[in-house]
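Text of the file run02.pdb, holding PDB, C-alpha atoms, pLDDT in the B column:
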```pdb
MODEL        1
ATOM      1  CA  MET A   1      -5.445 -17.918  -7.906  1.00 84.00           C
ATOM      2  CA  HIS A   2      -4.856 -20.663 -10.467  1.00 86.00           C
ATOM      3  CA  TYR A   3      -3.973 -19.477 -13.985  1.00 90.00           C
ATOM      4  CA  LEU A   4      -3.559 -21.270 -17.283  1.00 90.00           C
ATOM      5  CA  LEU A   5      -0.682 -19.704 -19.259  1.00 92.00           C
ATOM      6  CA  ILE A   6      -1.245 -19.277 -23.007  1.00 92.00           C
ATOM      7  CA  ASP A   7       1.116 -17.858 -25.626  1.00 92.00           C
ATOM      8  CA  THR A   8      -0.005 -15.379 -28.287  1.00 90.00           C
ATOM      9  CA  HIS A   9      -0.694 -18.265 -30.690  1.00 91.00           C
ATOM     10  CA  GLN A  10      -3.201 -19.738 -28.175  1.00 88.00           C
ATOM     11  CA  ARG A  11      -0.873 -22.626 -27.227  1.00 92.00           C
ATOM     12  CA  PRO A  12      -0.846 -23.708 -23.565  1.00 91.00           C
ATOM     13  CA  LEU A  13       2.458 -23.085 -21.787  1.00 91.00           C
ATOM     14  CA  GLY A  14       1.568 -24.453 -18.373  1.00 90.00           C
ATOM     15  CA  THR A  15      -0.104 -23.308 -15.194  1.00 90.00           C
ATOM     16  CA  LEU A  16       0.685 -20.843 -12.452  1.00 91.00           C
ATOM     17  CA  ILE A  17      -0.610 -20.579  -8.908  1.00 91.00           C
ATOM     18  CA  SER A  18      -0.232 -17.085  -7.522  1.00 90.00           C
ATOM     19  CA  GLU A  19      -1.374 -15.446  -4.308  1.00 90.00           C
ATOM     20  CA  LYS A  20      -1.361 -12.168  -6.228  1.00 90.00           C
ATOM     21  CA  THR A  21      -4.089 -11.339  -8.737  1.00 90.00           C
ATOM     22  CA  LEU A  22      -2.354 -10.706 -12.064  1.00 92.00           C
ATOM     23  CA  GLY A  23      -3.429  -8.226 -14.728  1.00 92.00           C
ATOM     24  CA  VAL A  24      -2.299  -6.929 -18.098  1.00 94.00           C
ATOM     25  CA  GLY A  25       1.200  -5.465 -17.843  1.00 94.00           C
ATOM     26  CA  ASP A  26       2.239  -7.519 -14.790  1.00 95.00           C
ATOM     27  CA  THR A  27       5.512  -9.436 -14.974  1.00 93.00           C
ATOM     28  CA  PHE A  28       6.148 -12.662 -13.075  1.00 93.00           C
ATOM     29  CA  GLN A  29       8.542 -15.595 -12.924  1.00 90.00           C
ATOM     30  CA  ASN A  30       7.473 -19.228 -13.145  1.00 86.00           C
ATOM     31  CA  HIS A  31       9.021 -22.124 -11.212  1.00 83.00           C
ATOM     32  CA  ASN A  32      11.839 -22.335 -13.827  1.00 84.00           C
ATOM     33  CA  SER A  33      12.774 -18.664 -13.244  1.00 84.00           C
ATOM     34  CA  GLU A  34      11.501 -17.728 -16.716  1.00 88.00           C
ATOM     35  CA  SER A  35       9.991 -14.236 -16.826  1.00 91.00           C
ATOM     36  CA  PHE A  36       6.719 -13.432 -18.571  1.00 94.00           C
ATOM     37  CA  THR A  37       4.575 -10.334 -19.085  1.00 94.00           C
ATOM     38  CA  VAL A  38       0.789 -10.612 -19.154  1.00 95.00           C
ATOM     39  CA  VAL A  39      -0.665  -9.206 -22.386  1.00 94.00           C
ATOM     40  CA  GLY A  40      -4.219 -10.540 -22.123  1.00 93.00           C
ATOM     41  CA  LEU A  41      -6.804 -12.000 -19.725  1.00 89.00           C
ATOM     42  CA  ASN A  42      -9.361 -14.617 -20.702  1.00 81.00           C
ATOM     43  CA  TRP A  43     -11.648 -17.030 -18.896  1.00 66.00           C
ATOM     44  CA  PHE A  44     -10.822 -20.608 -19.863  1.00 57.00           C
ATOM     45  CA  THR A  45     -14.171 -22.003 -21.014  1.00 59.00           C
ATOM     46  CA  GLN A  46     -13.473 -25.700 -20.316  1.00 58.00           C
ATOM     47  CA  ARG A  47     -12.669 -25.111 -16.620  1.00 60.00           C
ATOM     48  CA  ALA A  48     -14.964 -23.108 -14.412  1.00 61.00           C
ATOM     49  CA  ASN A  49     -13.284 -20.423 -12.295  1.00 66.00           C
ATOM     50  CA  THR A  50      -9.941 -20.739 -14.091  1.00 73.00           C
ATOM     51  CA  GLN A  51      -8.553 -17.668 -15.772  1.00 85.00           C
ATOM     52  CA  SER A  52      -6.068 -17.908 -18.617  1.00 88.00           C
ATOM     53  CA  LEU A  53      -3.324 -15.369 -19.085  1.00 92.00           C
ATOM     54  CA  THR A  54      -1.937 -14.632 -22.522  1.00 93.00           C
ATOM     55  CA  VAL A  55       1.756 -14.065 -21.877  1.00 95.00           C
ATOM     56  CA  ILE A  56       4.949 -13.220 -23.725  1.00 94.00           C
ATOM     57  CA  PRO A  57       8.439 -14.128 -22.529  1.00 92.00           C
ATOM     58  CA  VAL A  58      10.578 -11.323 -21.159  1.00 90.00           C
ATOM     59  CA  ASN A  59      14.306 -11.192 -21.714  1.00 79.00           C
ATOM     60  CA  THR A  60      15.738 -11.077 -18.179  1.00 59.00           C
ATOM     61  CA  LEU A  61      18.548  -8.719 -19.248  1.00 55.00           C
ATOM     62  CA  THR A  62      15.978  -6.247 -20.618  1.00 54.00           C
ATOM     63  CA  LYS A  63      13.981  -6.540 -17.379  1.00 52.00           C
ATOM     64  CA  GLU A  64      17.081  -5.912 -15.258  1.00 55.00           C
ATOM     65  CA  MET A  65      17.972  -2.834 -17.319  1.00 53.00           C
ATOM     66  CA  ALA A  66      14.425  -1.472 -16.904  1.00 58.00           C
ATOM     67  CA  ASP A  67      14.616  -2.039 -13.131  1.00 62.00           C
ATOM     68  CA  LEU A  68      17.817   0.051 -12.979  1.00 60.00           C
ATOM     69  CA  LYS A  69      16.091   3.134 -14.437  1.00 55.00           C
TER      70      LYS A  69
ENDMDL
END
```
As structure tokens - that is how I would like this structure written.
Amino acid sequence: MHYLLIDTHQRPLGTLISEKTLGVGDTFQNHNSESFTVVGLNWFTQRANTQSLTVIPVNTLTKEMADLK
């Protein structure tokens, strides 16, 4: 699926193509190895069949600590 990535201020961050369907609470890495958590789902009105994900960056150290628990 093709996603448009949006920050919480509604600014575009880029795009993501994922074989996995993403939902709120999912964490993923982009092509630059930056980690993000999905906090919202929206349909992008200017492009049919494209879903936008509202995302926040995840500190990789925090993510690694959570994975250890």
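Here atom CA of A:Val24 and atom CA of A:Asn59 stand 17.5 Å from one another.
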Leaving out A:Gln29 and any residue of its chain fewer than 2 positions from it, which residues lie within 12 Å of it when counting all atoms listed in the file, given as a list in words? Leu5, Thr15, Leu16, Ile17, Ser18, Leu22, Asp26, Thr27, His31, Asn32, Ser33, Glu34, Ser35, Phe36, Thr37, Val38, Val55, Ile56, Pro57, Val58, Asn59, Thr60 and Lys63 of chain A
Return as a PyMOL selection string the set of residues that the PyMOL selection byres ((chain A and resi 3) around 10) yields on the displayed structure. chain A and resi 1-2+4-6+14-18+21-22+41-44+49-53
